Structures are given as structure tokens and as C-alpha cells.
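Text of model_10.cif (mmCIF, C-alpha atoms and all ligand atoms) as supplied:
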```cif
data_query
#
loop_
_atom_site.label_atom_id
_atom_site.label_comp_id
_atom_site.auth_asym_id
_atom_site.auth_seq_id
_atom_site.Cartn_x
_atom_site.Cartn_y
_atom_site.Cartn_z
CA MET A 1 9.38 -3.50 -20.35
CA LYS A 2 8.40 -0.10 -18.89
CA GLN A 3 10.99 2.08 -17.14
CA LEU A 4 10.10 3.64 -13.79
CA GLY A 5 11.77 6.75 -12.40
CA ILE A 6 11.41 7.28 -8.64
CA LEU A 7 11.79 10.71 -7.02
CA LEU A 8 12.10 10.86 -3.25
CA SER A 9 13.40 13.10 -0.47
CA GLY A 10 13.13 10.97 2.67
CA ARG A 11 12.91 7.53 4.24
CA GLY A 12 11.52 5.93 1.07
CA SER A 13 9.14 3.30 2.41
CA ASN A 14 6.81 3.75 -0.57
CA PHE A 15 9.77 3.36 -2.91
CA GLU A 16 10.79 0.20 -1.05
CA ALA A 17 7.31 -1.27 -1.45
CA ILE A 18 7.39 -0.42 -5.16
CA ALA A 19 10.82 -2.06 -5.54
CA ARG A 20 9.61 -5.19 -3.73
CA ASN A 21 6.52 -5.42 -5.89
CA VAL A 22 8.43 -4.85 -9.11
CA ALA A 23 10.75 -7.70 -8.09
CA SER A 24 7.85 -10.02 -7.21
CA GLY A 25 5.98 -9.25 -10.44
CA LYS A 26 2.99 -7.65 -8.65
CA ILE A 27 3.90 -4.62 -10.73
CA ALA A 28 4.22 -6.43 -14.04
CA ASN A 29 6.32 -5.50 -17.03
CA ALA A 30 8.39 -2.85 -15.23
CA ARG A 31 11.84 -2.11 -13.90
CA ILE A 32 13.17 0.76 -11.81
CA ALA A 33 15.54 2.63 -14.12
CA ILE A 34 16.65 5.35 -11.70
CA VAL A 35 16.03 6.64 -8.17
CA ILE A 36 16.60 10.37 -7.83
CA SER A 37 16.68 12.49 -4.69
CA ASN A 38 17.21 16.17 -4.03
CA ARG A 39 18.77 15.19 -0.68
CA SER A 40 21.92 13.13 -0.32
CA ASP A 41 20.89 12.03 3.20
CA ALA A 42 17.56 10.53 2.07
CA GLY A 43 17.10 7.06 3.56
CA GLY A 44 15.55 5.95 0.27
CA ILE A 45 18.82 6.56 -1.57
CA ALA A 46 20.72 4.28 0.80
CA THR A 47 18.02 1.62 0.37
CA ALA A 48 18.16 1.92 -3.41
CA LYS A 49 21.94 1.54 -3.39
CA GLY A 50 21.56 -1.53 -1.19
CA LEU A 51 19.20 -3.00 -3.77
CA GLY A 52 21.74 -2.37 -6.50
CA LEU A 53 19.60 0.25 -8.24
CA GLU A 54 20.96 3.24 -10.05
CA THR A 55 20.73 6.37 -7.90
CA LEU A 56 21.33 10.04 -8.46
CA VAL A 57 21.37 12.97 -6.05
CA ILE A 58 20.52 16.30 -7.63
CA PRO A 59 20.65 18.92 -4.86
CA SER A 60 17.95 21.56 -5.07
CA LYS A 61 19.33 23.98 -2.51
CA GLY A 62 20.00 27.43 -3.91
CA LYS A 63 18.71 26.53 -7.37
CA GLU A 64 15.80 28.16 -9.13
CA ARG A 65 12.92 25.62 -9.36
CA GLN A 66 12.91 25.17 -13.10
CA ALA A 67 16.71 24.97 -13.32
CA HIS A 68 16.62 22.09 -10.84
CA ASP A 69 13.71 20.48 -12.65
CA ARG A 70 15.62 20.63 -15.93
CA GLU A 71 18.41 18.57 -14.40
CA VAL A 72 15.95 16.03 -13.03
CA VAL A 73 14.04 15.75 -16.31
CA ALA A 74 17.29 15.33 -18.26
CA ALA A 75 18.24 12.41 -16.00
CA LEU A 76 14.77 10.83 -16.36
CA GLN A 77 14.93 11.18 -20.12
CA ALA A 78 18.46 9.81 -20.28
CA HIS A 79 17.10 6.70 -18.54
CA LYS A 80 14.12 6.54 -20.94
CA VAL A 81 11.65 6.73 -18.08
CA ASP A 82 8.03 5.96 -19.03
CA LEU A 83 6.41 6.68 -15.66
CA VAL A 84 7.64 8.99 -12.90
CA CYS A 85 6.61 8.02 -9.36
CA LEU A 86 6.88 10.66 -6.66
CA ALA A 87 7.44 8.82 -3.40
CA GLY A 88 7.76 11.39 -0.65
CA TYR A 89 9.37 13.92 -2.99
CA MET A 90 9.15 17.15 -1.03
CA ARG A 91 9.26 19.52 -3.98
CA LEU A 92 6.52 21.05 -6.04
CA LEU A 93 7.15 20.31 -9.73
CA SER A 94 7.27 23.28 -12.09
CA PRO A 95 4.57 23.44 -14.81
CA TRP A 96 7.39 22.87 -17.29
CA PHE A 97 8.33 19.55 -15.62
CA VAL A 98 4.68 18.41 -15.63
CA LYS A 99 4.44 19.18 -19.37
CA GLN A 100 7.38 16.88 -20.16
CA PHE A 101 5.47 13.86 -18.78
CA PRO A 102 1.76 14.36 -19.48
CA GLN A 103 -0.27 11.82 -17.44
CA ARG A 104 2.97 10.05 -16.72
CA ILE A 105 3.69 11.34 -13.21
CA LEU A 106 2.05 9.74 -10.17
CA ASN A 107 2.08 10.94 -6.58
CA ILE A 108 0.92 9.38 -3.33
CA HIS A 109 -0.69 11.54 -0.69
CA PRO A 110 -1.70 10.37 2.81
CA SER A 111 -5.26 11.69 2.82
CA LEU A 112 -8.51 11.24 0.93
CA LEU A 113 -8.05 14.16 -1.45
CA PRO A 114 -9.33 16.80 -1.87
CA ALA A 115 -9.33 16.81 1.95
CA PHE A 116 -6.08 17.80 3.63
CA PRO A 117 -3.63 18.59 0.83
CA GLY A 118 -0.13 19.74 1.76
CA LEU A 119 2.14 18.75 4.61
CA GLU A 120 1.32 16.41 7.50
CA ALA A 121 -2.00 15.35 6.02
CA GLN A 122 -2.52 12.51 8.52
CA GLN A 123 -2.05 14.91 11.43
CA GLN A 124 -4.38 17.42 9.80
CA ALA A 125 -7.06 14.72 9.40
CA PHE A 126 -6.60 13.45 12.96
CA ALA A 127 -6.79 16.95 14.44
CA TYR A 128 -9.92 17.68 12.40
CA GLY A 129 -11.56 14.65 13.98
CA VAL A 130 -12.42 12.71 10.81
CA LYS A 131 -13.80 9.19 11.24
CA VAL A 132 -12.48 8.03 7.87
CA ALA A 133 -8.97 8.88 6.70
CA GLY A 134 -6.99 7.30 3.88
CA CYS A 135 -4.63 7.83 0.99
CA THR A 136 -4.76 8.84 -2.66
CA VAL A 137 -2.64 8.01 -5.69
CA HIS A 138 -3.15 10.64 -8.35
CA PHE A 139 -1.66 12.02 -11.52
CA VAL A 140 0.42 15.13 -10.98
CA ASP A 141 -0.71 18.35 -12.59
CA GLU A 142 0.37 21.96 -12.06
CA GLU A 143 -1.44 22.28 -8.72
CA LEU A 144 -0.42 20.78 -5.39
CA ASP A 145 -2.00 17.35 -4.63
CA HIS A 146 -4.56 17.92 -7.35
CA GLY A 147 -4.52 15.77 -10.53
CA ALA A 148 -6.94 12.99 -11.53
CA ILE A 149 -7.34 10.28 -8.90
CA VAL A 150 -6.21 6.77 -9.86
CA VAL A 151 -6.66 4.85 -6.58
CA GLN A 152 -7.97 5.78 -3.13
CA ARG A 153 -8.05 3.69 0.02
CA ALA A 154 -10.11 4.47 3.11
CA VAL A 155 -8.76 3.88 6.62
CA LEU A 156 -11.12 4.01 9.60
CA VAL A 157 -10.04 6.14 12.54
CA HIS A 158 -10.31 4.22 15.83
CA ASP A 159 -11.27 5.87 19.11
CA ASP A 160 -7.96 4.85 20.63
CA ASP A 161 -5.84 6.08 17.71
CA ASP A 162 -3.32 8.83 18.05
CA GLU A 163 -1.84 10.55 15.01
CA HIS A 164 1.03 8.04 14.91
CA THR A 165 -1.06 4.87 14.97
CA LEU A 166 -3.34 6.37 12.34
CA ALA A 167 -0.42 7.40 10.11
CA LYS A 168 1.01 3.88 10.42
CA ARG A 169 -2.23 2.23 9.19
CA ILE A 170 -2.49 4.79 6.38
CA LEU A 171 1.09 4.00 5.36
CA GLU A 172 0.30 0.27 5.06
CA GLN A 173 -2.49 1.18 2.65
CA GLU A 174 -0.21 3.59 0.77
CA HIS A 175 2.20 0.78 0.02
CA SER A 176 -0.39 -1.45 -1.58
CA ALA A 177 -2.39 1.38 -3.20
CA TYR A 178 0.71 2.69 -4.98
CA THR A 179 1.51 -0.75 -6.34
CA GLN A 180 -2.04 -1.19 -7.57
CA ALA A 181 -2.02 2.24 -9.25
CA ILE A 182 1.33 1.74 -10.99
CA ASP A 183 0.31 -1.66 -12.33
CA LEU A 184 -3.00 -0.22 -13.53
CA VAL A 185 -1.42 2.75 -15.29
CA LEU A 186 1.32 0.66 -16.91
CA ASN A 187 -0.56 -2.46 -17.85
CA ARG A 188 -4.25 -1.70 -18.30
CA GLU A 189 -6.21 0.37 -20.77
CA TRP A 190 -7.52 3.53 -19.13
CA THR A 191 -8.71 6.98 -19.94
CA VAL A 192 -9.15 10.27 -18.11
CA ALA A 193 -12.37 12.19 -18.76
CA GLY A 194 -12.24 15.57 -17.04
CA ARG A 195 -10.98 14.69 -13.59
CA ARG A 196 -12.22 11.10 -13.74
CA PHE A 197 -9.86 8.19 -14.29
CA PHE A 198 -11.54 5.10 -15.77
CA GLN A 199 -10.32 1.67 -16.52
CA MET A 200 -11.76 0.82 -19.92
CA GLN A 201 -13.92 -2.24 -20.40
CA LYS A 202 -12.64 -4.85 -22.87
CA SER A 203 -15.35 -3.96 -25.42
CA GLU A 204 -14.36 -0.27 -25.31
CA VAL A 205 -10.72 -1.19 -25.86
CA ARG A 206 -11.67 -3.33 -28.90
CA MET A 207 -13.77 -0.49 -30.30
CA GLN A 208 -11.01 2.06 -29.84
CA LYS A 209 -8.41 -0.21 -31.43
CA SER A 210 -10.57 -0.85 -34.51
CA GLU A 211 -11.29 2.87 -35.01
C1 LIG B 301 4.13 9.32 2.56
O1 LIG B 301 3.24 9.49 3.62
C2 LIG B 301 3.53 9.83 1.29
O2 LIG B 301 2.15 9.66 1.23
C3 LIG B 301 3.88 11.30 1.32
O3 LIG B 301 5.16 11.34 1.88
C4 LIG B 301 5.37 10.20 2.72
C5 LIG B 301 6.60 9.51 2.23
O4 LIG B 301 6.94 8.40 3.02
N1 LIG B 301 3.79 11.88 0.00
P1 LIG B 301 8.05 7.39 2.53
O5 LIG B 301 9.31 8.21 2.29
O6 LIG B 301 7.56 6.75 1.27
O7 LIG B 301 8.23 6.41 3.64
#
```
Please express what this file holds, its structure, as C-alpha cells.
Ligand code: GRF
Amino acid sequence: MKQLGILLSGRGSNFEAIARNVASGKIANARIAIVISNRSDAGGIATAKGLGLETLVIPSKGKERQAHDREVVAALQAHKVDLVCLAGYMRLLSPWFVKQFPQRILNIHPSLLPAFPGLEAQQQAFAYGVKVAGCTVHFVDEELDHGAIVVQRAVLVHDDDDEHTLAKRILEQEHSAYTQAIDLVLNREWTVAGRRFFQMQKSEVRMQKSE
């Protein structure tokens, strides 16, 4: 059984989708060990409590980034977390944090990266006039919205969309893309070559195991 650690700062709809899909077995072989927020008023923390999950608030205000990260990492390690899922966690991780979980931190971003990194990506895409928007689940590295891409989903922009209707359709895709990515990373054989994430074919897995 793999242990998931969720980090969030806000409403937590991606976390909720993950929790639902862990419970239904769509994300196989996993449990949510801990839900951590830097904000005590995060909706996701209330939801997690309601689901009977273990929660922890580690305020970030006034703390130096790495000092805060050390507290978060200590809590993740104490709960023997195998995979960290950022789900609307509004803090940039320090390089030190990233090093503690190599290729074991995922993030979801509401654009087709590398387009529109940073805040309000759906609004950025809408204002730019793109015809295809979407979302990306990627490994976290030292740069913002940057690591190897695990899953992407495209969302067509309709002529009658506004930034809210577009963001809503992107969010629906986020929920299922994140589940797919977590299940893949936990339960399939994969490799990262340069920036490219590959699921390995069965024959490659057999070869690697006999080496
Ligand atoms: C999502 O749009 C996600 O892609 C971005 O932050 C938002 C979090 O939403 N990283 P929620 O808290 O999961 O509802």
C-alpha cells in the first residue's frame, strides 16, 4: 500500500477527487496518509476532516521558505509518504524540499505547459485567445511549473466561453487527469528520459528486471 501526502492551500477540489478515487479503487494500492495546508482556512482541510483523514496546518507566514519546508517534509516523512501530490498548494517548493522526494512530487497546473505557467493560467490562456486550453500533471522540479510531464488533457475553447466556463471545463479534466497520473506513477512501470515520461512496455520491464 502506497502512502499519499496531499499539500493544498485552498478549496481542494482536486484533493477531493483524489480522495474519492482512492476510495473507489480507481487509484489502486494507495491511501491518503496526511493532508497538509499552510492555511488553516483552506476549504480542503475542512473537507479532509469531514472524510476522517489526518490533517495538519503548518502556517508559512513569517517563516523563511526552507524553514517552513523542513516542517512540511518532517511531517511527510513521519507519515512515510511515498508520493507527494500538490493540489492547489500556493507555495514554491525550495530546491531542498524537491531533493527529499526525487520524482515523487506531482503537481497539477491548469494549462497546457509550457504555455501559461504561474497564477491564473486559465485566464491567461483565455485572454491570449487560444483555441485549445487544458491541464498538465507533471513532476515537480526546482523551477515553477516545469518538471517532466506525466499527463496532459486538451480542452477546446468555445466561442461562447468566458474565462469562468472555460476554467470549469478545465477543472473537470484536472480531476480525472490527476487520478490517471497518480495511478500511473504508483502502479505502472515508467521511466523519465530527459524531460520525457514514458510508460514502459511489458517487454522492457522484463528485460530491466532480468538485468
Ligand atoms: C487548480 O486549478 C490547480 O490546477 C491549480 O490550483 C487549482 C486548485 O484548485 N494548481 P482546487 O483547490 O484543487 O479546487
*Kindly provide, as a PyMOL selection string, all nucleotide and amino acid residues lying within 10 Å of ligand LIG 301 (chain B), counting all atoms listed in the file.*
chain A and resi 7-18+42-44+86-90+107-111+118-122+134-137+145+167-168+170-175+178
May I have the selected residues written with C-alpha atoms, as an mmCIF file, in the frame of the given file?
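Contents of part.cif, freshly written:
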```cif
data_model
loop_
_atom_site.group_PDB
_atom_site.id
_atom_site.type_symbol
_atom_site.label_atom_id
_atom_site.label_comp_id
_atom_site.auth_asym_id
_atom_site.auth_seq_id
_atom_site.Cartn_x
_atom_site.Cartn_y
_atom_site.Cartn_z
ATOM 1 C CA LEU A 7 11.790 10.710 -7.020
ATOM 2 C CA LEU A 8 12.100 10.860 -3.250
ATOM 3 C CA SER A 9 13.400 13.100 -0.470
ATOM 4 C CA GLY A 10 13.130 10.970 2.670
ATOM 5 C CA ARG A 11 12.910 7.530 4.240
ATOM 6 C CA GLY A 12 11.520 5.930 1.070
ATOM 7 C CA SER A 13 9.140 3.300 2.410
ATOM 8 C CA ASN A 14 6.810 3.750 -0.570
ATOM 9 C CA PHE A 15 9.770 3.360 -2.910
ATOM 10 C CA GLU A 16 10.790 0.200 -1.050
ATOM 11 C CA ALA A 17 7.310 -1.270 -1.450
ATOM 12 C CA ILE A 18 7.390 -0.420 -5.160
ATOM 13 C CA ALA A 42 17.560 10.530 2.070
ATOM 14 C CA GLY A 43 17.100 7.060 3.560
ATOM 15 C CA GLY A 44 15.550 5.950 0.270
ATOM 16 C CA LEU A 86 6.880 10.660 -6.660
ATOM 17 C CA ALA A 87 7.440 8.820 -3.400
ATOM 18 C CA GLY A 88 7.760 11.390 -0.650
ATOM 19 C CA TYR A 89 9.370 13.920 -2.990
ATOM 20 C CA MET A 90 9.150 17.150 -1.030
ATOM 21 C CA ASN A 107 2.080 10.940 -6.580
ATOM 22 C CA ILE A 108 0.920 9.380 -3.330
ATOM 23 C CA HIS A 109 -0.690 11.540 -0.690
ATOM 24 C CA PRO A 110 -1.700 10.370 2.810
ATOM 25 C CA SER A 111 -5.260 11.690 2.820
ATOM 26 C CA GLY A 118 -0.130 19.740 1.760
ATOM 27 C CA LEU A 119 2.140 18.750 4.610
ATOM 28 C CA GLU A 120 1.320 16.410 7.500
ATOM 29 C CA ALA A 121 -2.000 15.350 6.020
ATOM 30 C CA GLN A 122 -2.520 12.510 8.520
ATOM 31 C CA GLY A 134 -6.990 7.300 3.880
ATOM 32 C CA CYS A 135 -4.630 7.830 0.990
ATOM 33 C CA THR A 136 -4.760 8.840 -2.660
ATOM 34 C CA VAL A 137 -2.640 8.010 -5.690
ATOM 35 C CA ASP A 145 -2.000 17.350 -4.630
ATOM 36 C CA ALA A 167 -0.420 7.400 10.110
ATOM 37 C CA LYS A 168 1.010 3.880 10.420
ATOM 38 C CA ILE A 170 -2.490 4.790 6.380
ATOM 39 C CA LEU A 171 1.090 4.000 5.360
ATOM 40 C CA GLU A 172 0.300 0.270 5.060
ATOM 41 C CA GLN A 173 -2.490 1.180 2.650
ATOM 42 C CA GLU A 174 -0.210 3.590 0.770
ATOM 43 C CA HIS A 175 2.200 0.780 0.020
ATOM 44 C CA TYR A 178 0.710 2.690 -4.980
#
```
_Proximity to Gln100 (chain A) - best of A:Arg70, A:Arg153, A:Lys61, A:Arg169, all atoms listed in the file_ =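 Nearest to Gln100 (chain A): A:Arg70.
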_What's the separation between CA of Ala33 (chain A) and CA of Glu64 (chain A), in Å to one decimal place?_
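Distance between the two atoms: 26.0 Å.
Closest approach to Ser60 (chain A) among A:Leu92, A:Ala181, A:Leu186, A:Ile32 is made by A:Leu92 (distances from all atoms listed in the file).
Among the candidate residues A:Asp82, A:Glu189, A:Asp141, A:Asp162, the one lying nearest to Lys2 (chain A) is A:Asp82, with distances computed using all atoms listed in the file.
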Need to verify the contact set: Val192 (chain A), 10 Å, all atoms listed in the file, exclusion of same-chain residues closer than 4 positions in sequence. Can you return it as a PDB file with C-alpha atoms, keeping the file's coordinate frame?
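Written output follows (part.pdb):
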```pdb
ATOM      1  CA  GLN A 103      -0.270  11.820 -17.440  1.00  0.00           C
ATOM      2  CA  ALA A 148      -6.940  12.990 -11.530  1.00  0.00           C
ATOM      3  CA  ILE A 149      -7.340  10.280  -8.900  1.00  0.00           C
ATOM      4  CA  VAL A 150      -6.210   6.770  -9.860  1.00  0.00           C
ATOM      5  CA  ARG A 196     -12.220  11.100 -13.740  1.00  0.00           C
ATOM      6  CA  PHE A 197      -9.860   8.190 -14.290  1.00  0.00           C
ATOM      7  CA  PHE A 198     -11.540   5.100 -15.770  1.00  0.00           C
ATOM      8  CA  GLN A 199     -10.320   1.670 -16.520  1.00  0.00           C
ATOM      9  CA  MET A 200     -11.760   0.820 -19.920  1.00  0.00           C
TER      10      MET A 200
END
```
*Can you find the residues with an atom no farther than 12 Å from (15.2, 12.7, -18.3), counting all atoms listed in the file, and report them as a ChimeraX atom specification?*
/A:3-7,33-36,56,69-84,97,100-101
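If only C-alpha atoms are the atoms counted, then among A:Glu54, A:Glu142, A:Asp183, A:Asp159 the closest residue to Asn29 (chain A) is A:Asp183.
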